[in-house]
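File shown: data26.csv. Contents: CSV, N, CA and C atoms.
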chain,number,residue,atom,x,y,z
P,1,MET,N,0.8,-1.2,0.0
P,1,MET,CA,0.0,0.0,0.0
P,1,MET,C,0.9,1.2,0.0
P,2,THR,N,0.6,2.1,-0.9
P,2,THR,CA,1.4,3.4,-1.0
P,2,THR,C,0.7,4.5,-0.3
P,3,THR,N,1.4,5.4,0.3
P,3,THR,CA,0.7,6.5,1.0
P,3,THR,C,0.9,7.7,0.1
P,4,ALA,N,-0.2,8.5,0.1
P,4,ALA,CA,-0.1,9.7,-0.7
P,4,ALA,C,0.8,10.8,0.0
P,5,PRO,N,1.5,11.6,-0.8
P,5,PRO,CA,2.3,12.6,-0.2
P,5,PRO,C,1.5,13.6,0.6
P,6,ALA,N,2.1,14.1,1.6
P,6,ALA,CA,1.3,15.1,2.4
P,6,ALA,C,1.1,16.4,1.6
P,7,PRO,N,0.0,17.0,1.8
P,7,PRO,CA,-0.2,18.3,1.0
P,7,PRO,C,0.8,19.3,1.3
P,8,PHE,N,1.1,20.1,0.3
P,8,PHE,CA,2.1,21.2,0.5
P,8,PHE,C,1.6,22.3,1.5
P,9,ASP,N,2.3,22.5,2.5
P,9,ASP,CA,2.0,23.5,3.5
P,9,ASP,C,3.1,24.6,3.5
P,10,PRO,N,2.9,25.7,2.9
P,10,PRO,CA,4.0,26.7,2.9
P,10,PRO,C,4.4,27.2,4.3
P,11,GLU,N,3.4,27.3,5.2
P,11,GLU,CA,3.7,27.8,6.5
P,11,GLU,C,4.7,26.8,7.3
P,12,SER,N,4.7,25.6,6.9
P,12,SER,CA,5.7,24.7,7.5
P,12,SER,C,6.9,24.4,6.6
P,13,GLU,N,6.7,24.5,5.3
P,13,GLU,CA,7.8,24.2,4.4
P,13,GLU,C,8.8,25.3,4.2
P,14,PHE,N,8.3,26.6,4.3
P,14,PHE,CA,9.1,27.7,3.9
P,14,PHE,C,9.7,28.4,5.2
P,15,VAL,N,9.7,27.8,6.3
P,15,VAL,CA,10.2,28.5,7.5
P,15,VAL,C,11.5,27.8,7.9
P,16,THR,N,12.3,28.6,8.5
P,16,THR,CA,13.6,28.1,9.0
P,16,THR,C,13.7,28.6,10.5
P,17,PRO,N,14.7,28.1,11.2
P,17,PRO,CA,14.9,28.6,12.6
P,17,PRO,C,15.3,30.1,12.5
P,18,PRO,N,14.9,30.9,13.4
P,18,PRO,CA,15.4,32.3,13.4
P,18,PRO,C,16.9,32.4,13.5
P,19,LEU,N,17.4,33.4,12.9
P,19,LEU,CA,18.9,33.5,12.9
P,19,LEU,C,19.5,33.6,14.3
P,20,TYR,N,18.8,34.1,15.2
P,20,TYR,CA,19.4,34.2,16.6
P,20,TYR,C,19.5,32.8,17.2
P,21,LEU,N,18.7,31.8,16.8
P,21,LEU,CA,18.9,30.5,17.3
P,21,LEU,C,20.0,29.7,16.6
P,22,LEU,N,20.5,30.2,15.5
P,22,LEU,CA,21.7,29.6,14.8
P,22,LEU,C,23.0,30.0,15.4
P,23,ASN,N,23.0,31.0,16.3
P,23,ASN,CA,24.2,31.4,16.9
P,23,ASN,C,25.3,31.8,15.9
P,24,LEU,N,24.9,32.7,14.9
P,24,LEU,CA,25.9,33.1,13.9
P,24,LEU,C,26.8,34.2,14.5
P,25,SER,N,28.1,34.1,14.1
P,25,SER,CA,29.0,35.1,14.5
P,25,SER,C,28.8,36.4,13.7
P,26,ALA,N,29.4,37.5,14.1
P,26,ALA,CA,29.3,38.7,13.3
P,26,ALA,C,29.9,38.6,11.9
P,27,ALA,N,31.0,37.8,11.8
P,27,ALA,CA,31.6,37.6,10.5
P,27,ALA,C,30.7,36.8,9.6
P,28,GLN,N,30.0,35.8,10.1
P,28,GLN,CA,29.1,35.0,9.3
P,28,GLN,C,27.9,35.8,8.9
P,29,ARG,N,27.4,36.7,9.7
P,29,ARG,CA,26.3,37.6,9.3
P,29,ARG,C,26.8,38.5,8.2
P,30,CYS,N,28.0,39.0,8.3
P,30,CYS,CA,28.5,39.9,7.3
P,30,CYS,C,28.7,39.2,6.0
P,31,VAL,N,29.2,38.0,6.0
P,31,VAL,CA,29.3,37.3,4.7
P,31,VAL,C,28.0,37.0,4.1
P,32,LEU,N,27.0,36.6,4.9
P,32,LEU,CA,25.7,36.4,4.4
P,32,LEU,C,25.1,37.7,3.8
P,33,ASP,N,25.3,38.8,4.4
P,33,ASP,CA,24.8,40.1,3.9
P,33,ASP,C,25.6,40.4,2.6
P,34,TRP,N,26.9,40.2,2.6
P,34,TRP,CA,27.7,40.5,1.4
P,34,TRP,C,27.2,39.7,0.2
P,35,ILE,N,27.0,38.4,0.4
P,35,ILE,CA,26.5,37.6,-0.7
P,35,ILE,C,25.1,38.0,-1.2
P,36,GLU,N,24.3,38.5,-0.2
P,36,GLU,CA,23.0,39.0,-0.6
P,36,GLU,C,23.1,40.3,-1.5
P,37,ARG,N,24.0,41.2,-1.1
P,37,ARG,CA,24.2,42.4,-1.8
P,37,ARG,C,24.9,42.1,-3.2
P,38,GLN,N,25.5,41.0,-3.4
P,38,GLN,CA,26.1,40.7,-4.7
P,38,GLN,C,25.2,40.0,-5.6
P,39,GLY,N,23.9,39.8,-5.2
P,39,GLY,CA,22.9,39.1,-6.0
P,39,GLY,C,22.8,37.6,-5.7
P,40,GLY,N,23.3,37.2,-4.6
P,40,GLY,CA,23.3,35.8,-4.3
P,40,GLY,C,21.9,35.3,-3.8
P,41,LEU,N,20.9,36.1,-3.8
P,41,LEU,CA,19.6,35.7,-3.4
P,41,LEU,C,18.9,35.0,-4.6
P,42,PHE,N,19.3,35.4,-5.8
P,42,PHE,CA,18.6,35.0,-7.0
P,42,PHE,C,19.4,34.1,-7.9
P,43,ALA,N,20.7,34.2,-7.7
P,43,ALA,CA,21.6,33.4,-8.6
P,43,ALA,C,22.9,33.0,-7.8
P,44,TYR,N,23.6,32.1,-8.4
P,44,TYR,CA,24.9,31.7,-7.7
P,44,TYR,C,25.9,32.7,-8.0
P,45,VAL,N,26.6,33.1,-7.0
P,45,VAL,CA,27.7,34.1,-7.1
P,45,VAL,C,29.0,33.5,-6.7
P,46,THR,N,30.0,33.8,-7.4
P,46,THR,CA,31.4,33.3,-7.0
P,46,THR,C,31.9,34.3,-6.0
P,47,VAL,N,32.3,33.8,-4.9
P,47,VAL,CA,32.8,34.6,-3.8
P,47,VAL,C,34.3,34.7,-3.9
P,48,ALA,N,34.7,35.9,-4.3
P,48,ALA,CA,36.1,36.2,-4.2
P,48,ALA,C,36.5,36.5,-2.8
P,49,VAL,N,37.2,35.6,-2.1
P,49,VAL,CA,37.4,35.8,-0.7
P,49,VAL,C,38.2,37.0,-0.4
P,50,GLU,N,39.1,37.4,-1.2
P,50,GLU,CA,39.9,38.6,-1.0
P,50,GLU,C,39.0,39.8,-1.0
P,51,ASP,N,38.1,39.9,-2.0
P,51,ASP,CA,37.3,41.1,-2.1
P,51,ASP,C,36.2,41.1,-1.0
P,52,ALA,N,35.7,39.9,-0.6
P,52,ALA,CA,34.7,39.9,0.5
P,52,ALA,C,35.4,40.3,1.8
P,53,ALA,N,36.6,39.8,2.0
P,53,ALA,CA,37.3,40.1,3.2
P,53,ALA,C,37.6,41.6,3.3
P,54,ALA,N,38.0,42.2,2.2
P,54,ALA,CA,38.2,43.7,2.2
P,54,ALA,C,37.0,44.5,2.4
P,55,ASP,N,35.9,44.0,1.8
P,55,ASP,CA,34.6,44.8,1.9
P,55,ASP,C,34.0,44.7,3.4
P,56,ILE,N,34.1,43.5,4.0
P,56,ILE,CA,33.5,43.4,5.3
P,56,ILE,C,34.6,43.6,6.4
P,57,GLU,N,35.8,43.9,6.0
P,57,GLU,CA,36.9,44.2,7.0
P,57,GLU,C,37.1,43.1,8.0
P,58,HIS,N,37.3,41.9,7.4
P,58,HIS,CA,37.6,40.7,8.2
P,58,HIS,C,38.8,40.0,7.5
P,59,ALA,N,39.5,39.1,8.2
P,59,ALA,CA,40.6,38.3,7.6
P,59,ALA,C,40.0,37.3,6.6
P,60,GLU,N,40.8,36.9,5.7
P,60,GLU,CA,40.4,36.0,4.7
P,60,GLU,C,40.1,34.6,5.3
P,61,SER,N,40.8,34.2,6.3
P,61,SER,CA,40.6,32.9,6.9
P,61,SER,C,39.2,33.0,7.6
P,62,THR,N,38.8,34.1,8.1
P,62,THR,CA,37.5,34.3,8.8
P,62,THR,C,36.4,34.1,7.8
P,63,VAL,N,36.6,34.7,6.6
P,63,VAL,CA,35.6,34.5,5.5
P,63,VAL,C,35.5,33.1,5.1
P,64,TYR,N,36.6,32.4,4.9
P,64,TYR,CA,36.6,31.0,4.6
P,64,TYR,C,35.8,30.2,5.6
P,65,ASP,N,36.1,30.4,6.9
P,65,ASP,CA,35.4,29.7,8.0
P,65,ASP,C,33.9,30.1,8.0
P,66,ALA,N,33.5,31.3,7.7
P,66,ALA,CA,32.1,31.7,7.7
P,66,ALA,C,31.4,31.0,6.5
P,67,LEU,N,32.1,31.0,5.3
P,67,LEU,CA,31.5,30.3,4.2
P,67,LEU,C,31.2,28.8,4.5
P,68,ALA,N,32.2,28.2,5.1
P,68,ALA,CA,32.1,26.8,5.4
P,68,ALA,C,30.9,26.5,6.4
P,69,ARG,N,30.8,27.3,7.5
P,69,ARG,CA,29.8,27.1,8.4
P,69,ARG,C,28.4,27.4,7.8
P,70,LEU,N,28.3,28.5,7.0
P,70,LEU,CA,27.0,28.8,6.4
P,70,LEU,C,26.5,27.8,5.4
P,71,THR,N,27.5,27.1,4.8
P,71,THR,CA,27.2,26.0,3.8
P,71,THR,C,26.8,24.8,4.6
P,72,ASP,N,27.5,24.5,5.7
P,72,ASP,CA,27.2,23.3,6.5
P,72,ASP,C,25.8,23.4,7.1
P,73,ILE,N,25.4,24.5,7.6
P,73,ILE,CA,24.1,24.6,8.2
P,73,ILE,C,22.9,24.8,7.2
P,74,GLY,N,23.3,25.0,6.0
P,74,GLY,CA,22.3,25.1,4.9
P,74,GLY,C,21.8,26.5,4.6
P,75,LEU,N,22.4,27.6,5.2
P,75,LEU,CA,22.0,28.9,4.8
P,75,LEU,C,22.5,29.3,3.4
P,76,LEU,N,23.6,28.7,3.0
P,76,LEU,CA,24.1,28.9,1.7
P,76,LEU,C,24.1,27.6,0.9
P,77,VAL,N,23.8,27.6,-0.3
P,77,VAL,CA,23.7,26.5,-1.2
P,77,VAL,C,24.9,26.6,-2.2
P,78,ARG,N,25.7,25.6,-2.3
P,78,ARG,CA,26.8,25.7,-3.2
P,78,ARG,C,26.6,24.8,-4.5
P,79,ASP,N,27.0,25.3,-5.6
P,79,ASP,CA,26.8,24.6,-6.9
P,79,ASP,C,28.2,23.9,-7.2
P,80,ASP,N,28.2,23.1,-8.3
P,80,ASP,CA,29.3,22.4,-8.7
P,80,ASP,C,30.5,23.3,-9.1
P,81,ALA,N,30.2,24.5,-9.6
P,81,ALA,CA,31.2,25.4,-10.1
P,81,ALA,C,31.8,26.2,-8.9
P,82,GLY,N,31.3,26.0,-7.7
P,82,GLY,CA,31.9,26.7,-6.6
P,82,GLY,C,31.2,28.0,-6.2
P,83,GLY,N,30.1,28.3,-6.9
P,83,GLY,CA,29.3,29.5,-6.6
P,83,GLY,C,28.4,29.3,-5.4
P,84,HIS,N,28.0,30.3,-4.7
P,84,HIS,CA,27.1,30.2,-3.5
P,84,HIS,C,25.9,31.0,-3.8
P,85,ARG,N,24.8,30.5,-3.3
P,85,ARG,CA,23.5,31.2,-3.3
P,85,ARG,C,22.8,31.1,-2.0
P,86,ILE,N,22.1,32.1,-1.6
P,86,ILE,CA,21.4,32.0,-0.3
P,86,ILE,C,20.2,31.1,-0.4
P,87,ASN,N,20.0,30.3,0.6
P,87,ASN,CA,18.9,29.3,0.6
P,87,ASN,C,17.6,30.1,0.5
P,88,ALA,N,16.7,29.7,-0.4
P,88,ALA,CA,15.4,30.5,-0.6
P,88,ALA,C,14.5,30.3,0.6
P,89,ARG,N,14.7,29.3,1.4
P,89,ARG,CA,13.9,29.1,2.6
P,89,ARG,C,14.2,30.2,3.6
P,90,TYR,N,15.4,30.6,3.7
P,90,TYR,CA,15.8,31.7,4.5
P,90,TYR,C,15.1,33.0,4.1
P,91,PHE,N,15.1,33.3,2.8
P,91,PHE,CA,14.5,34.5,2.3
P,91,PHE,C,13.0,34.5,2.6
P,92,PHE,N,12.3,33.3,2.4
P,92,PHE,CA,10.9,33.3,2.6
P,92,PHE,C,10.5,33.3,4.1
P,93,SER,N,11.4,32.8,4.9
P,93,SER,CA,11.1,32.9,6.3
P,93,SER,C,11.3,34.3,6.9
P,94,ALA,N,12.2,35.0,6.2
P,94,ALA,CA,12.4,36.4,6.7
P,94,ALA,C,11.3,37.4,6.1
P,95,ASN,N,10.6,36.9,5.0
P,95,ASN,CA,9.6,37.7,4.4
P,95,ASN,C,8.3,37.0,4.3
P,96,PRO,N,7.5,37.0,5.4
P,96,PRO,CA,6.2,36.2,5.4
P,96,PRO,C,5.2,36.7,4.3
P,97,ASP,N,5.2,37.9,3.9
P,97,ASP,CA,4.3,38.4,2.9
P,97,ASP,C,4.6,37.7,1.5
P,98,PHE,N,5.9,37.6,1.2
P,98,PHE,CA,6.2,36.9,0.0
P,98,PHE,C,5.9,35.4,0.1
P,99,ARG,N,6.1,34.8,1.3
P,99,ARG,CA,5.8,33.4,1.5
P,99,ARG,C,4.3,33.2,1.2
P,100,ARG,N,3.4,34.1,1.7
P,100,ARG,CA,2.0,33.9,1.4
P,100,ARG,C,1.7,34.0,0.0
P,101,LEU,N,2.3,35.0,-0.7
P,101,LEU,CA,2.1,35.2,-2.1
P,101,LEU,C,2.5,33.9,-2.9
P,102,VAL,N,3.6,33.4,-2.6
P,102,VAL,CA,4.1,32.2,-3.3
P,102,VAL,C,3.1,31.0,-3.0
P,103,ALA,N,2.7,30.9,-1.8
P,103,ALA,CA,1.8,29.8,-1.4
P,103,ALA,C,0.5,29.9,-2.2
P,104,ALA,N,0.0,31.2,-2.3
P,104,ALA,CA,-1.2,31.4,-3.1
P,104,ALA,C,-1.0,31.0,-4.6
P,105,ALA,N,0.2,31.4,-5.1
P,105,ALA,CA,0.4,31.0,-6.5
P,105,ALA,C,0.5,29.5,-6.8
P,106,LEU,N,1.0,28.8,-5.8
P,106,LEU,CA,1.1,27.4,-5.9
P,106,LEU,C,-0.3,26.6,-5.9
P,107,VAL,N,-1.2,27.2,-5.2
P,107,VAL,CA,-2.5,26.5,-5.1
P,107,VAL,C,-3.6,27.2,-6.0
P,108,ASP,N,-3.4,28.4,-6.5
P,108,ASP,CA,-4.4,29.0,-7.4
P,108,ASP,C,-4.4,28.2,-8.7
P,109,PRO,N,-5.6,28.3,-9.4
P,109,PRO,CA,-5.7,27.6,-10.7
P,109,PRO,C,-4.9,28.3,-11.8
P,110,PRO,N,-4.5,27.6,-12.8
P,110,PRO,CA,-3.7,28.3,-13.9
P,110,PRO,C,-4.7,29.2,-14.7
P,111,ILE,N,-4.1,30.2,-15.3
P,111,ILE,CA,-4.9,31.1,-16.2
P,111,ILE,C,-4.9,30.6,-17.6
P,112,THR,N,-6.0,30.4,-18.1
P,112,THR,CA,-6.1,29.8,-19.5
P,112,THR,C,-6.9,30.8,-20.4
P,113,PRO,N,-6.4,31.1,-21.6
P,113,PRO,CA,-7.2,32.0,-22.5
P,113,PRO,C,-8.5,31.3,-23.0
P,114,ASP,N,-9.5,32.1,-23.1
P,114,ASP,CA,-10.8,31.6,-23.7
P,114,ASP,C,-10.9,32.0,-25.1
P,115,ALA,N,-12.1,31.7,-25.7
P,115,ALA,CA,-12.4,32.0,-27.1
P,115,ALA,C,-12.3,33.5,-27.4
P,116,ARG,N,-12.7,34.3,-26.5
P,116,ARG,CA,-12.6,35.8,-26.7
P,116,ARG,C,-11.2,36.3,-26.7
P,117,ALA,N,-10.3,35.7,-26.0
P,117,ALA,CA,-8.9,36.1,-26.0
P,117,ALA,C,-8.3,35.7,-27.3
P,118,GLU,N,-8.7,34.7,-28.0
P,118,GLU,CA,-8.2,34.3,-29.2
P,118,GLU,C,-8.8,35.0,-30.4
P,119,ALA,N,-9.9,35.7,-30.2
P,119,ALA,CA,-10.6,36.4,-31.3
P,119,ALA,C,-9.8,37.6,-31.7
P,120,PRO,N,-10.1,38.1,-32.9
P,120,PRO,CA,-9.4,39.4,-33.3
P,120,PRO,C,-9.8,40.5,-32.5
P,121,ARG,N,-8.9,41.5,-32.3
P,121,ARG,CA,-9.2,42.6,-31.4
P,121,ARG,C,-10.2,43.6,-32.0
P,122,LYS,N,-11.1,44.0,-31.2
P,122,LYS,CA,-12.1,44.9,-31.7
P,122,LYS,C,-11.6,46.3,-31.6
P,123,ILE,N,-11.9,47.1,-32.6
P,123,ILE,CA,-11.5,48.5,-32.6
P,123,ILE,C,-12.7,49.3,-31.9
P,124,GLY,N,-12.4,50.2,-31.0
P,124,GLY,CA,-13.4,50.9,-30.3
P,124,GLY,C,-14.1,51.9,-31.3
P,125,ASN,N,-15.3,52.3,-30.8
P,125,ASN,CA,-16.1,53.2,-31.7
P,125,ASN,C,-15.4,54.5,-32.0
P,126,THR,N,-14.8,55.1,-31.1
P,126,THR,CA,-14.1,56.4,-31.3
P,126,THR,C,-13.0,56.2,-32.3
P,127,ALA,N,-12.2,55.1,-32.2
P,127,ALA,CA,-11.1,54.9,-33.1
P,127,ALA,C,-11.7,54.6,-34.5
P,128,ALA,N,-12.8,53.9,-34.6
P,128,ALA,CA,-13.4,53.6,-35.9
P,128,ALA,C,-13.9,54.9,-36.6
P,129,ARG,N,-14.5,55.8,-35.8
P,129,ARG,CA,-14.9,57.1,-36.4
P,129,ARG,C,-13.8,57.9,-36.8
P,130,ARG,N,-12.7,57.9,-36.1
P,130,ARG,CA,-11.5,58.7,-36.5
P,130,ARG,C,-11.0,58.2,-37.8
P,131,ARG,N,-11.0,57.0,-38.1
P,131,ARG,CA,-10.5,56.4,-39.3
P,131,ARG,C,-11.4,56.8,-40.5
P,132,ARG,N,-12.7,57.0,-40.3
P,132,ARG,CA,-13.6,57.3,-41.4
P,132,ARG,C,-13.6,58.8,-41.7
P,133,GLU,N,-13.3,59.6,-40.8
P,133,GLU,CA,-13.3,61.1,-41.0
P,133,GLU,C,-12.0,61.5,-41.7
P,134,ILE,N,-12.2,62.4,-42.6
P,134,ILE,CA,-11.0,63.0,-43.3
P,134,ILE,C,-10.9,64.4,-42.7
P,135,ARG,N,-9.8,64.7,-42.1
P,135,ARG,CA,-9.6,65.9,-41.4
P,135,ARG,C,-8.7,66.8,-42.2
P,136,PRO,N,-9.0,68.1,-42.3
P,136,PRO,CA,-8.1,69.0,-43.1
P,136,PRO,C,-6.8,69.2,-42.3
P,137,VAL,N,-5.8,69.4,-43.0
P,137,VAL,CA,-4.5,69.7,-42.4
P,137,VAL,C,-4.4,71.2,-42.2
P,138,ARG,N,-4.1,71.6,-41.1
P,138,ARG,CA,-4.0,73.1,-40.7
P,138,ARG,C,-2.6,73.5,-40.6

Represent the structure from my file as structure tokens, please.
Amino acid sequence: MTTAPAPFDPESEFVTPPLYLLNLSAAQRCVLDWIERQGGLFAYVTVAVEDAAADIEHAESTVYDALARLTDIGLLVRDDAGGHRINARYFFSANPDFRRLVAAALVDPPITPDARAEAPRKIGNTAARRRREIRPVR
């Protein structure tokens, strides 16, 4: 007997522990913020450790350690090419309004064009009258 998968519940799926419970150091918070400012929320970014260390004013070894810990606990997702991206669950747990919007999008029915949408576009009455009138050039 197979069991049906549990229904998708965004309020339980899109939440993460609050950052204060993860006991992040100041350097780890700085690296997370630096990656977010580089566009790491929507795409994988290559972290140049020297540049990140200079921007956040920490040692390079501290940035390496922060990247390793953030990846280990799952706040950062690493791809095969070595880029890092912020875990989307972190973003959605920090932004409950977006979480609700995405949840609604996942359960709302798809939008399908009807026969009227496929019909030729009607010209309004005013536009049709303008086309019939011949106006003198002044």

Run DSSP on the backbone and give me the residues of chain P it puts in strand (DSSP E or B), as a CSV table (one decimal) with N, CA and C atoms, keeping the file's coordinate frame.
chain,number,residue,atom,x,y,z
P,45,VAL,N,26.6,33.1,-7.0
P,45,VAL,CA,27.7,34.1,-7.1
P,45,VAL,C,29.0,33.5,-6.7
P,76,LEU,N,23.6,28.7,3.0
P,76,LEU,CA,24.1,28.9,1.7
P,76,LEU,C,24.1,27.6,0.9
P,77,VAL,N,23.8,27.6,-0.3
P,77,VAL,CA,23.7,26.5,-1.2
P,77,VAL,C,24.9,26.6,-2.2
P,78,ARG,N,25.7,25.6,-2.3
P,78,ARG,CA,26.8,25.7,-3.2
P,78,ARG,C,26.6,24.8,-4.5
P,84,HIS,N,28.0,30.3,-4.7
P,84,HIS,CA,27.1,30.2,-3.5
P,84,HIS,C,25.9,31.0,-3.8
P,85,ARG,N,24.8,30.5,-3.3
P,85,ARG,CA,23.5,31.2,-3.3
P,85,ARG,C,22.8,31.1,-2.0
P,86,ILE,N,22.1,32.1,-1.6
P,86,ILE,CA,21.4,32.0,-0.3
P,86,ILE,C,20.2,31.1,-0.4

Which value, in Å to one decimal, gives the distance between atom CA of His58 of chain P and atom N of Ser93 of chain P?
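Atom-to-atom, atom CA of His58 of chain P and atom N of Ser93 of chain P are spaced 27.6 Å apart.
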
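In this comparison, which uses only C-alpha atoms, the residue of P:Glu57, P:Ile86, P:Arg99, P:Asp72 approaching Phe42 of chain P most closely is P:Ile86.
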
Can you work out which one of P:Tyr44, P:Phe98, P:Trp34, P:Tyr64 has the shortest atom-to-atom distance to Arg85 of chain P, counting only N, CA and C atoms?
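The shortest atom-to-atom distance to Arg85 of chain P comes from P:Tyr44.
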
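Near segment 35-38 of chain P, within 9 Å and counting only C-alpha atoms, sit Cys30, Val31, Leu32, Leu41, Phe42, Val45, Val47, Ala52, His84, Arg85 and Ile86 of chain P, not including residues fewer than 3 positions from it in the same chain.
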